[in-house]
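Structure data (PDB, C-alpha atoms) from input_10.pdb:
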ATOM      1  CA  MET A   1       0.000   0.000   0.000
ATOM      2  CA  GLU A   2       2.898   2.379   0.746
ATOM      3  CA  TYR A   3       4.230   2.069  -2.802
ATOM      4  CA  LYS A   4       0.756   2.457  -4.292
ATOM      5  CA  ILE A   5       0.195   5.771  -2.473
ATOM      6  CA  GLY A   6       3.646   7.014  -3.467
ATOM      7  CA  GLN A   7       3.062   6.028  -7.086
ATOM      8  CA  LEU A   8      -0.315   7.820  -7.311
ATOM      9  CA  TYR A   9       1.176  10.950  -5.737
ATOM     10  CA  MET A  10       4.185  10.901  -8.066
ATOM     11  CA  ILE A  11       2.120  10.402 -11.248
ATOM     12  CA  SER A  12      -0.162  13.344 -10.431
ATOM     13  CA  LYS A  13       2.597  15.750  -9.416
ATOM     14  CA  HIS A  14       4.913  14.718 -12.270
ATOM     15  CA  SER A  15       2.124  15.161 -14.861
ATOM     16  CA  HIS A  16       1.406  18.637 -13.509
ATOM     17  CA  GLU A  17       5.059  19.694 -13.553
ATOM     18  CA  GLN A  18       5.557  18.452 -17.120
ATOM     19  CA  SER A  19       2.415  20.161 -18.468
ATOM     20  CA  ASP A  20       2.311  23.615 -20.020
ATOM     21  CA  ARG A  21      -0.014  25.634 -22.267
ATOM     22  CA  GLY A  22      -1.163  23.331 -25.051
ATOM     23  CA  GLU A  23       0.993  20.386 -23.984
ATOM     24  CA  GLY A  24       0.886  17.940 -21.136
ATOM     25  CA  VAL A  25      -1.446  15.314 -19.686
ATOM     26  CA  GLU A  26      -5.212  15.817 -19.822
ATOM     27  CA  VAL A  27      -7.247  13.475 -17.595
ATOM     28  CA  VAL A  28     -10.436  12.470 -19.418
ATOM     29  CA  GLN A  29     -11.733   9.764 -17.093
ATOM     30  CA  ASN A  30     -10.813   8.315 -13.703
ATOM     31  CA  GLU A  31     -13.251   5.963 -11.999
ATOM     32  CA  PRO A  32     -13.596   2.660 -10.124
ATOM     33  CA  PHE A  33     -13.716  -0.441 -12.284
ATOM     34  CA  GLU A  34     -14.461  -4.108 -11.656
ATOM     35  CA  ASP A  35     -13.042  -6.980 -13.657
ATOM     36  CA  PRO A  36     -14.368 -10.552 -13.303
ATOM     37  CA  HIS A  37     -10.847 -11.971 -13.240
ATOM     38  CA  HIS A  38      -8.722  -9.283 -11.541
ATOM     39  CA  GLY A  39     -11.366  -7.901  -9.173
ATOM     40  CA  ASN A  40     -11.825  -4.271  -8.127
ATOM     41  CA  GLY A  41      -9.573  -1.635  -9.639
ATOM     42  CA  GLN A  42      -9.413   1.836 -11.135
ATOM     43  CA  PHE A  43      -9.743   2.856 -14.781
ATOM     44  CA  THR A  44      -8.217   6.027 -16.224
ATOM     45  CA  GLU A  45      -8.099   7.532 -19.668
ATOM     46  CA  LYS A  46      -5.702  10.375 -20.475
ATOM     47  CA  ARG A  47      -4.570  12.350 -23.489
ATOM     48  CA  VAL A  48      -0.868  13.112 -23.658
ATOM     49  CA  TYR A  49      -0.088  16.148 -25.834
ATOM     50  CA  LEU A  50       3.600  16.076 -26.727
ATOM     51  CA  ASN A  51       4.332  17.482 -30.179
ATOM     52  CA  SER A  52       7.281  19.654 -29.099
ATOM     53  CA  LYS A  53       8.858  16.733 -27.235
ATOM     54  CA  LEU A  54       9.098  14.587 -30.363
ATOM     55  CA  PRO A  55      12.389  14.343 -32.290
ATOM     56  CA  GLY A  56      12.584  16.253 -35.562
ATOM     57  CA  TRP A  57      12.056  13.195 -37.769
ATOM     58  CA  ALA A  58       8.803  12.408 -35.922
ATOM     59  CA  ARG A  59       7.472  15.990 -35.932
ATOM     60  CA  ALA A  60       7.841  15.988 -39.701
ATOM     61  CA  VAL A  61       5.177  13.291 -40.106
ATOM     62  CA  VAL A  62       2.595  14.124 -37.414
ATOM     63  CA  PRO A  63       0.021  16.943 -37.292
ATOM     64  CA  LYS A  64       0.630  20.051 -35.180
ATOM     65  CA  ILE A  65      -2.044  19.107 -32.631
ATOM     66  CA  PHE A  66      -0.944  15.614 -31.723
ATOM     67  CA  TYR A  67      -1.777  13.473 -28.723
ATOM     68  CA  VAL A  68      -1.473   9.883 -27.565
ATOM     69  CA  THR A  69      -4.366   8.211 -25.731
ATOM     70  CA  GLU A  70      -3.444   6.362 -22.538
ATOM     71  CA  LYS A  71      -5.854   3.833 -21.028
ATOM     72  CA  ALA A  72      -4.888   2.166 -17.775
ATOM     73  CA  TRP A  73      -6.466  -0.500 -15.576
ATOM     74  CA  ASN A  74      -5.028  -0.630 -12.070
ATOM     75  CA  TYR A  75      -5.686  -3.802 -10.058
ATOM     76  CA  TYR A  76      -2.683  -3.278  -7.821
ATOM     77  CA  PRO A  77      -0.437  -5.293  -7.542
ATOM     78  CA  TYR A  78      -1.205  -5.895 -11.240
ATOM     79  CA  THR A  79      -1.811  -3.179 -13.846
ATOM     80  CA  ILE A  80      -2.261  -2.881 -17.597
ATOM     81  CA  THR A  81      -1.541   0.285 -19.578
ATOM     82  CA  GLU A  82      -2.153   0.840 -23.292
ATOM     83  CA  TYR A  83      -1.141   3.731 -25.566
ATOM     84  CA  THR A  84      -2.637   4.368 -29.006
ATOM     85  CA  CYS A  85      -2.828   7.238 -31.493
ATOM     86  CA  SER A  86      -5.710   7.767 -33.928
ATOM     87  CA  PHE A  87      -3.333   9.455 -36.381
ATOM     88  CA  LEU A  88      -1.096   6.355 -36.353
ATOM     89  CA  PRO A  89      -3.471   3.356 -36.381
ATOM     90  CA  LYS A  90      -0.612   0.852 -36.587
ATOM     91  CA  PHE A  91       1.121   2.223 -33.483
ATOM     92  CA  SER A  92       0.552   0.797 -29.985
ATOM     93  CA  ILE A  93       2.319   0.312 -26.658
ATOM     94  CA  HIS A  94       1.156  -2.366 -24.223
ATOM     95  CA  ILE A  95       2.597  -2.490 -20.690
ATOM     96  CA  GLU A  96       1.820  -5.100 -18.059
ATOM     97  CA  THR A  97       3.119  -4.461 -14.540
ATOM     98  CA  LYS A  98       3.448  -6.748 -11.535
ATOM     99  CA  TYR A  99       4.731  -5.691  -8.105
ATOM    100  CA  GLU A 100       6.564  -8.028  -5.745
ATOM    101  CA  ASP A 101       8.402  -7.598  -2.449
ATOM    102  CA  ASN A 102      11.867  -8.522  -3.684
ATOM    103  CA  LYS A 103      14.854  -6.844  -5.316
ATOM    104  CA  GLY A 104      14.154  -7.959  -8.885
ATOM    105  CA  SER A 105      15.061 -11.605  -8.458
ATOM    106  CA  ASN A 106      11.980 -13.186 -10.111
ATOM    107  CA  ASP A 107      13.197 -13.880 -13.662
ATOM    108  CA  SER A 108      10.103 -15.903 -14.584
ATOM    109  CA  ILE A 109       7.403 -13.454 -13.495
ATOM    110  CA  PHE A 110       6.110 -12.967 -17.076
ATOM    111  CA  ASP A 111       6.601 -16.493 -18.368
ATOM    112  CA  ASN A 112       2.851 -17.041 -18.781
ATOM    113  CA  GLU A 113       2.342 -13.761 -20.636
ATOM    114  CA  ALA A 114       5.287 -14.069 -23.033
ATOM    115  CA  LYS A 115       6.307 -17.707 -23.259
ATOM    116  CA  ASP A 116       7.641 -17.821 -26.802
ATOM    117  CA  VAL A 117       8.655 -14.195 -27.260
ATOM    118  CA  GLU A 118      12.257 -13.053 -27.401
ATOM    119  CA  ARG A 119      12.750 -10.498 -24.620
ATOM    120  CA  GLU A 120      15.451  -8.103 -23.516
ATOM    121  CA  VAL A 121      15.659  -7.734 -19.738
ATOM    122  CA  CYS A 122      16.695  -4.337 -18.442
ATOM    123  CA  PHE A 123      17.216  -3.460 -14.782
ATOM    124  CA  ILE A 124      16.651   0.155 -13.792
ATOM    125  CA  ASP A 125      18.612   1.586 -10.860
ATOM    126  CA  ILE A 126      17.178   4.884  -9.564
ATOM    127  CA  ALA A 127      20.420   5.750  -7.787
ATOM    128  CA  CYS A 128      23.110   4.882 -10.313
ATOM    129  CA  ASP A 129      21.546   5.028 -13.800
ATOM    130  CA  GLU A 130      22.019   8.279 -15.702
ATOM    131  CA  ILE A 131      19.014  10.381 -16.690
ATOM    132  CA  PRO A 132      18.762  13.003 -19.475
ATOM    133  CA  GLU A 133      20.557  16.122 -18.248
ATOM    134  CA  ARG A 134      17.523  18.376 -18.722
ATOM    135  CA  TYR A 135      15.593  16.331 -16.132
ATOM    136  CA  TYR A 136      18.292  16.211 -13.464
ATOM    137  CA  LYS A 137      17.652  17.903 -10.115
ATOM    138  CA  GLU A 138      19.995  17.432  -7.186
ATOM    139  CA  SER A 139      17.022  17.475  -4.783
ATOM    140  CA  GLU A 140      15.616  14.415  -6.640
ATOM    141  CA  ASP A 141      18.899  12.510  -6.767
ATOM    142  CA  PRO A 142      18.681   9.432  -4.477
ATOM    143  CA  LYS A 143      22.457   9.620  -3.965
ATOM    144  CA  HIS A 144      22.004  12.994  -2.223
ATOM    145  CA  PHE A 145      18.435  12.896  -0.874
ATOM    146  CA  LYS A 146      17.861  11.872   2.761
ATOM    147  CA  SER A 147      14.280  11.417   4.029
ATOM    148  CA  GLU A 148      13.528  13.156   7.327
ATOM    149  CA  LYS A 149      10.441  11.015   8.008
ATOM    150  CA  THR A 150      11.807   7.579   7.107
ATOM    151  CA  GLY A 151      15.587   7.932   7.332
ATOM    152  CA  ARG A 152      15.900   6.447   3.843
ATOM    153  CA  GLY A 153      18.252   7.902   1.349
ATOM    154  CA  GLN A 154      21.692   8.782   0.123
ATOM    155  CA  LEU A 155      21.817   5.523  -1.806
ATOM    156  CA  ARG A 156      25.198   4.167  -2.763
ATOM    157  CA  GLU A 157      26.381   1.517  -5.198
ATOM    158  CA  GLY A 158      24.974  -1.835  -4.060
ATOM    159  CA  TRP A 159      22.060  -0.297  -2.109
ATOM    160  CA  ARG A 160      19.713  -2.924  -3.544
ATOM    161  CA  ASP A 161      21.416  -5.657  -1.516
ATOM    162  CA  SER A 162      21.330  -3.849   1.817
ATOM    163  CA  HIS A 163      18.287  -1.548   2.036
ATOM    164  CA  GLN A 164      14.891  -2.417   3.502
ATOM    165  CA  PRO A 165      12.006  -2.214   2.834
ATOM    166  CA  ILE A 166      12.383  -2.973  -0.848
ATOM    167  CA  MET A 167      10.103  -4.064  -3.663
ATOM    168  CA  CYS A 168      10.293  -4.352  -7.430
ATOM    169  CA  SER A 169       8.020  -3.156 -10.221
ATOM    170  CA  TYR A 170       8.278  -5.632 -13.106
ATOM    171  CA  LYS A 171       7.138  -4.339 -16.498
ATOM    172  CA  LEU A 172       6.582  -6.209 -19.744
ATOM    173  CA  VAL A 173       6.635  -3.573 -22.493
ATOM    174  CA  THR A 174       5.566  -4.361 -26.071
ATOM    175  CA  VAL A 175       5.833  -1.710 -28.787
ATOM    176  CA  LYS A 176       4.359  -2.050 -32.287
ATOM    177  CA  PHE A 177       4.648   0.353 -35.201
ATOM    178  CA  GLU A 178       3.967  -1.464 -38.444
ATOM    179  CA  VAL A 179       5.064   1.171 -40.952
ATOM    180  CA  TRP A 180       7.749   0.244 -43.433
ATOM    181  CA  GLY A 181      10.843   2.415 -43.214
ATOM    182  CA  LEU A 182      10.076   3.765 -39.731
ATOM    183  CA  GLN A 183       9.248   0.653 -37.705
ATOM    184  CA  THR A 184      12.654  -0.054 -36.191
ATOM    185  CA  ARG A 185      13.488   3.578 -35.443
ATOM    186  CA  VAL A 186      10.107   4.294 -33.793
ATOM    187  CA  GLU A 187      10.019   1.095 -31.738
ATOM    188  CA  GLN A 188      13.505   1.611 -30.339
ATOM    189  CA  PHE A 189      12.842   5.293 -29.681
ATOM    190  CA  VAL A 190       9.678   4.414 -27.698
ATOM    191  CA  HIS A 191      11.498   1.804 -25.600
ATOM    192  CA  LYS A 192      14.118   4.431 -24.724
ATOM    193  CA  VAL A 193      11.427   6.974 -23.771
ATOM    194  CA  VAL A 194       9.544   4.425 -21.633
ATOM    195  CA  ARG A 195      12.736   3.533 -19.796
ATOM    196  CA  ASP A 196      13.570   7.195 -19.131
ATOM    197  CA  ILE A 197      10.037   7.898 -17.851
ATOM    198  CA  LEU A 198      10.193   4.950 -15.448
ATOM    199  CA  LEU A 199      13.613   5.983 -14.179
ATOM    200  CA  ILE A 200      12.705   9.644 -13.664
ATOM    201  CA  GLY A 201       9.297   8.891 -12.139
ATOM    202  CA  HIS A 202      10.612   6.459  -9.563
ATOM    203  CA  ARG A 203      13.497   8.744  -8.595
ATOM    204  CA  GLN A 204      10.847  11.386  -7.910
ATOM    205  CA  ALA A 205       8.602   9.008  -5.958
ATOM    206  CA  PHE A 206      11.593   8.221  -3.726
ATOM    207  CA  ALA A 207      12.721  11.844  -3.336
ATOM    208  CA  TRP A 208       9.165  13.050  -2.601
ATOM    209  CA  VAL A 209       8.553  10.408   0.088
ATOM    210  CA  ASP A 210       8.282  13.008   2.885
ATOM    211  CA  GLU A 211       5.421  14.651   0.971
ATOM    212  CA  TRP A 212       3.272  11.507   0.632
ATOM    213  CA  TYR A 213       4.474   9.162   3.401
ATOM    214  CA  ASP A 214       1.774  10.144   5.932
ATOM    215  CA  MET A 215      -1.084  10.210   3.394
ATOM    216  CA  THR A 216      -4.028   7.836   3.536
ATOM    217  CA  MET A 217      -5.520   6.424   0.335
ATOM    218  CA  ASP A 218      -8.445   8.869   0.583
ATOM    219  CA  GLU A 219      -6.037  11.781   0.965
ATOM    220  CA  VAL A 220      -3.921  10.807  -2.028
ATOM    221  CA  ARG A 221      -7.094  10.375  -4.108
ATOM    222  CA  GLU A 222      -8.175  13.904  -3.188
ATOM    223  CA  PHE A 223      -4.703  15.213  -4.010
ATOM    224  CA  GLU A 224      -4.988  13.395  -7.326
ATOM    225  CA  ARG A 225      -8.380  14.936  -8.153
ATOM    226  CA  ALA A 226      -7.259  18.475  -7.314
ATOM    227  CA  THR A 227      -4.014  18.063  -9.240
ATOM    228  CA  GLN A 228      -5.733  16.622 -12.308
ATOM    229  CA  GLU A 229      -8.168  19.530 -12.500
ATOM    230  CA  ALA A 230      -5.337  22.052 -12.068
ATOM    231  CA  THR A 231      -3.306  20.300 -14.776
ATOM    232  CA  ASN A 232      -6.197  20.311 -17.249
ATOM    233  CA  LYS A 233      -6.550  24.073 -16.716
ATOM    234  CA  LYS A 234      -2.810  24.588 -16.991
ATOM    235  CA  ILE A 235      -2.667  23.113 -20.501
ATOM    236  CA  GLY A 236      -5.789  25.030 -21.541
ATOM    237  CA  ILE A 237      -8.320  22.194 -21.514
ATOM    238  CA  PHE A 238     -11.545  22.528 -19.576
ATOM    239  CA  PRO A 239     -13.437  19.223 -19.630
ATOM    240  CA  PRO A 240     -16.263  18.341 -17.238
ATOM    241  CA  ALA A 241     -15.198  18.100 -13.604
ATOM    242  CA  ILE A 242     -13.310  14.906 -12.870
ATOM    243  CA  SER A 243     -15.029  12.621 -10.415
ATOM    244  CA  ILE A 244     -13.293   9.800  -8.582
ATOM    245  CA  SER A 245     -13.300   7.996  -5.255
ATOM    246  CA  SER A 246     -15.978   6.350  -3.245
ATOM    247  CA  ILE A 247     -18.611   5.557  -5.802
ATOM    248  CA  PRO A 248     -20.133   2.114  -6.157
ATOM    249  CA  LEU A 249     -18.007  -0.030  -8.416
ATOM    250  CA  LEU A 250     -19.235  -0.436 -11.978
ATOM    251  CA  PRO A 251     -20.634  -3.873 -12.810
ATOM    252  CA  SER A 252     -18.200  -5.917 -14.848
ATOM    253  CA  SER A 253     -20.722  -6.105 -17.687
ATOM    254  CA  VAL A 254     -20.471  -2.348 -18.230
ATOM    255  CA  ARG A 255     -16.857  -2.497 -19.388
ATOM    256  CA  SER A 256     -14.378  -5.056 -20.467
ATOM    257  CA  ALA A 257     -10.635  -4.718 -20.435
ATOM    258  CA  PRO A 258      -8.001  -4.196 -17.803
ATOM    259  CA  SER A 259      -8.253  -1.431 -15.237
ATOM    260  CA  SER A 260      -5.579   0.952 -14.024
ATOM    261  CA  ALA A 261      -5.329   4.522 -12.893
ATOM    262  CA  PRO A 262      -5.103   6.554  -9.779
ATOM    263  CA  SER A 263      -8.362   7.595  -8.230
ATOM    264  CA  THR A 264      -9.039  10.906  -6.556
ATOM    265  CA  PRO A 265      -9.585  12.430  -3.097
ATOM    266  CA  LEU A 266     -11.983  14.946  -1.617
ATOM    267  CA  SER A 267     -10.727  18.493  -0.908
ATOM    268  CA  THR A 268     -11.114  21.826  -2.605
ATOM    269  CA  ASP A 269      -7.731  23.482  -2.140
ATOM    270  CA  ALA A 270      -4.998  22.379  -4.491
ATOM    271  CA  PRO A 271      -1.413  22.207  -3.194
ATOM    272  CA  GLU A 272       0.700  25.356  -3.529
ATOM    273  CA  PHE A 273       2.735  24.094  -6.459
ATOM    274  CA  LEU A 274      -0.430  23.722  -8.548
ATOM    275  CA  SER A 275      -0.818  27.420  -9.328
ATOM    276  CA  VAL A 276      -0.677  28.112 -13.047
ATOM    277  CA  PRO A 277       2.468  30.066 -14.015
ATOM    278  CA  LYS A 278       1.600  33.210 -16.002
ATOM    279  CA  ASP A 279       4.731  33.942 -17.966
ATOM    280  CA  ARG A 280       6.852  30.923 -18.413
ATOM    281  CA  PRO A 281       9.182  30.332 -21.377
ATOM    282  CA  ARG A 282       8.184  27.402 -23.542
ATOM    283  CA  LYS A 283      10.322  24.299 -23.109
ATOM    284  CA  LYS A 284      12.135  23.207 -26.209
ATOM    285  CA  SER A 285      13.563  19.906 -25.128
ATOM    286  CA  ALA A 286      13.005  17.047 -27.505
ATOM    287  CA  PRO A 287      14.117  13.467 -26.965
ATOM    288  CA  GLU A 288      17.274  12.487 -28.727
ATOM    289  CA  THR A 289      17.229  10.218 -31.735
ATOM    290  CA  LEU A 290      18.701   6.784 -31.172
ATOM    291  CA  THR A 291      21.080   4.407 -32.888
ATOM    292  CA  LEU A 292      19.163   1.997 -35.056
ATOM    293  CA  PRO A 293      19.171  -1.654 -33.961
ATOM    294  CA  ASP A 294      19.181  -4.762 -36.120
ATOM    295  CA  LEU A 295      15.976  -4.839 -38.207
ATOM    296  CA  GLU A 296      15.302  -8.393 -37.106
ATOM    297  CA  LYS A 297      15.341  -7.499 -33.423
ATOM    298  CA  LYS A 298      12.034  -8.001 -31.616
ATOM    299  CA  ALA A 299      10.149  -5.071 -30.155
ATOM    300  CA  THR A 300       9.319  -6.601 -26.798
ATOM    301  CA  LEU A 301      11.170  -5.294 -23.767
ATOM    302  CA  ASN A 302      10.878  -6.607 -20.232
ATOM    303  CA  LEU A 303      11.649  -3.834 -17.740
ATOM    304  CA  PRO A 304      11.840  -5.070 -14.207
ATOM    305  CA  GLY A 305      12.737  -1.992 -12.319
ATOM    306  CA  MET A 306      11.496   0.313  -9.505
ATOM    307  CA  HIS A 307      11.275  -0.746  -5.930
ATOM    308  CA  SER A 308       8.564   0.623  -3.786
ATOM    309  CA  SER A 309       9.119   3.075  -1.061
ATOM    310  CA  ASP A 310      12.767   2.299  -1.071
ATOM    311  CA  LYS A 311      13.966   2.159  -4.674
ATOM    312  CA  PRO A 312      14.277   0.260  -7.956
ATOM    313  CA  CYS A 313      16.351  -2.481  -9.347
ATOM    314  CA  ARG A 314      19.922  -1.984 -10.371
ATOM    315  CA  PRO A 315      21.391  -3.204 -13.630
ATOM    316  CA  LYS A 316      22.220  -6.861 -13.663
ATOM    317  CA  SER A 317      25.908  -7.540 -14.225
ATOM    318  CA  GLU A 318      27.036 -10.125 -16.747
TER
END
Full structure transcribed into structure tokens:
Amino acid sequence: MEYKIGQLYMISKHSHEQSDRGEGVEVVQNEPFEDPHHGNGQFTEKRVYLNSKLPGWARAVVPKIFYVTEKAWNYYPYTITEYTCSFLPKFSIHIETKYEDNKGSNDSIFDNEAKDVEREVCFIDIACDEIPERYYKESEDPKHFKSEKTGRGQLREGWRDSHQPIMCSYKLVTVKFEVWGLQTRVEQFVHKVVRDILLIGHRQAFAWVDEWYDMTMDEVREFERATQEATNKKIGIFPPAISISSIPLLPSSVRSAPSSAPSTPLSTDAPEFLSVPKDRPRKKSAPETLTLPDLEKKATLNLPGMHSSDKPCRPKSE
């Protein structure tokens, strides 16, 4: 439960910080969901506007107003997240996540889901892995951060073998882009972006622990609701008010599919950092292009990485 609260807090705050006029994360739907197999969960649908963050070769082929639809089904400790784009019907990202209380030692966790698929396993270490320079903040660096409430922090090489509590977020990431001439470049680029997002997000969840550690689930849901509404306004989108939280669960017959997404709490005042900046220069950072891999290489990537309240997995040595 501690990791779940920290994750919901981090996703909401991170989305708000990364959003600006015309670009960012718009929350379209966030509500309880019931699945006959996985049980009770939360469903969210978001639109991610990111034209300026695309590399030049990608901006050349997409319209000016461009967004990716994210649908997530959260049955913690199991979640499913899907990304699609109406402009690119042959593009999709499918992510399955499982959480376990270990340091990334379960190599067979996705054997049932991907028995005969060639996979690349990548460990993510929040303390020692490098992040893009434009995202680095010393206050969010686990090597320097020390939690006042928990005493956790200032992680050093090998922290995964000595720190407690610890848990691991295992992710099975599948990317498809069936367009001749661009398939390999797009699929590898997306895997790189997904890895960077996971690394940055979990560094933040760890470094923000003193902000969310004492929260209850109801409190983090209210924080989530207030933050989502403030973020929608910040990027210039004013949809109907977002409702979340204690509503009766939808019957499984109403919807089918996986369910994931943070739900929302019950307060009116948004946190201080949620105020909309008036005059802020537009960010012009775009992801770097990547070296092209072998054309025969599969597009499925297994990313075990991110430990709960403590931290994520570190790269596995040969």
Query raised in the report: So how many Å separate CA of Glu138 (chain A) and CA of Gly6 (chain A), to one decimal?
Result: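 If I compute the distance from CA of Glu138 (chain A) to CA of Gly6 (chain A), I get 19.7 Å.
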Report task. Quick one: residues within 9 Å of (-10.7, -2.8, -7.7) (file frame), counting only C-alpha atoms, please, as a ChimeraX atom specification. Result -> /A:32-35,38-42,74-76,249,259-260
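Going from CA of Ala226 (chain A) to CA of Tyr49 (chain A) covers 20.0 Å.
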Take the PyMOL selection byres ((chain A and resi 178-180) around 10), apply it to the structure above, and return the hits as a PDB file with C-alpha atoms, keeping the file's coordinate frame.
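File produced: selection-v6.pdb:
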ATOM      1  CA  LEU A  88      -1.096   6.355 -36.353  1.00  0.00           C
ATOM      2  CA  PRO A  89      -3.471   3.356 -36.381  1.00  0.00           C
ATOM      3  CA  LYS A  90      -0.612   0.852 -36.587  1.00  0.00           C
ATOM      4  CA  PHE A  91       1.121   2.223 -33.483  1.00  0.00           C
ATOM      5  CA  SER A  92       0.552   0.797 -29.985  1.00  0.00           C
ATOM      6  CA  VAL A 175       5.833  -1.710 -28.787  1.00  0.00           C
ATOM      7  CA  LYS A 176       4.359  -2.050 -32.287  1.00  0.00           C
ATOM      8  CA  PHE A 177       4.648   0.353 -35.201  1.00  0.00           C
ATOM      9  CA  GLY A 181      10.843   2.415 -43.214  1.00  0.00           C
ATOM     10  CA  LEU A 182      10.076   3.765 -39.731  1.00  0.00           C
ATOM     11  CA  GLN A 183       9.248   0.653 -37.705  1.00  0.00           C
ATOM     12  CA  THR A 184      12.654  -0.054 -36.191  1.00  0.00           C
ATOM     13  CA  VAL A 186      10.107   4.294 -33.793  1.00  0.00           C
ATOM     14  CA  GLU A 187      10.019   1.095 -31.738  1.00  0.00           C
TER      15      GLU A 187
END
Query raised in the report: Using the chain letters and numbers from the file, which residues does the PyMOL selection byres ((chain A and resi 4) around 10) grab, as a ChimeraX atom specification?
Result: /A:1-3,5-10,76-77,99,217,220,262,308-309
**Report entry** Shortest interatomic distance to Val209 (chain A) - which of A:Asp125, A:Glu148, A:Glu45, A:Glu224, counting all atoms listed in the file
**Finding:**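 With all atoms listed in the file as the atom set, the closest residue is A:Glu148.
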Report task. Expand the PyMOL selection byres ((chain A and resi 153) around 9) into the individual residues it matches in the shown file, reporting them as a list of chain:residue names. Result ->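 In the shown coordinates, the PyMOL selection byres ((chain A and resi 153) around 9) covers A:Pro142, A:Lys143, A:His144, A:Phe145, A:Lys146, A:Ser147, A:Thr150, A:Gly151, A:Arg152, A:Gln154, A:Leu155, A:Arg156, A:Phe206, A:Ala207, A:Asp310.
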Requested in this report: Report the distance between CA of Tyr213 (chain A) and CA of Lys149 (chain A) in Å, rounded to one decimal place.
Outcome: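 One can read the CA of Tyr213 (chain A) to CA of Lys149 (chain A) distance as 7.8 Å.
Residues lying within 9 Å of region 13-19 of chain A, counting all atoms listed in the file and ignoring same-chain neighbours fewer than 4 positions away, are Leu8, Tyr9, Glu23, Gly24, Val25, Glu26, Tyr49, Gly201, Gln204, Glu224, Thr227, Gln228, Ala230, Thr231, Asn232, Lys234, Ile235, Phe273 and Leu274 of chain A.
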Using the file's own x, y and z axes, so that the box edges lie along x, y and z, what centre and edge lengths in Å (one decimal) does a box around every listed atom of region 19-23 of chain A get when 4 Å is added on each side? Give it as lines of an AutoDock Vina configuration file.
center_x = 0.6
center_y = 22.9
center_z = -21.8
size_x = 11.6
size_y = 13.5
size_z = 14.6
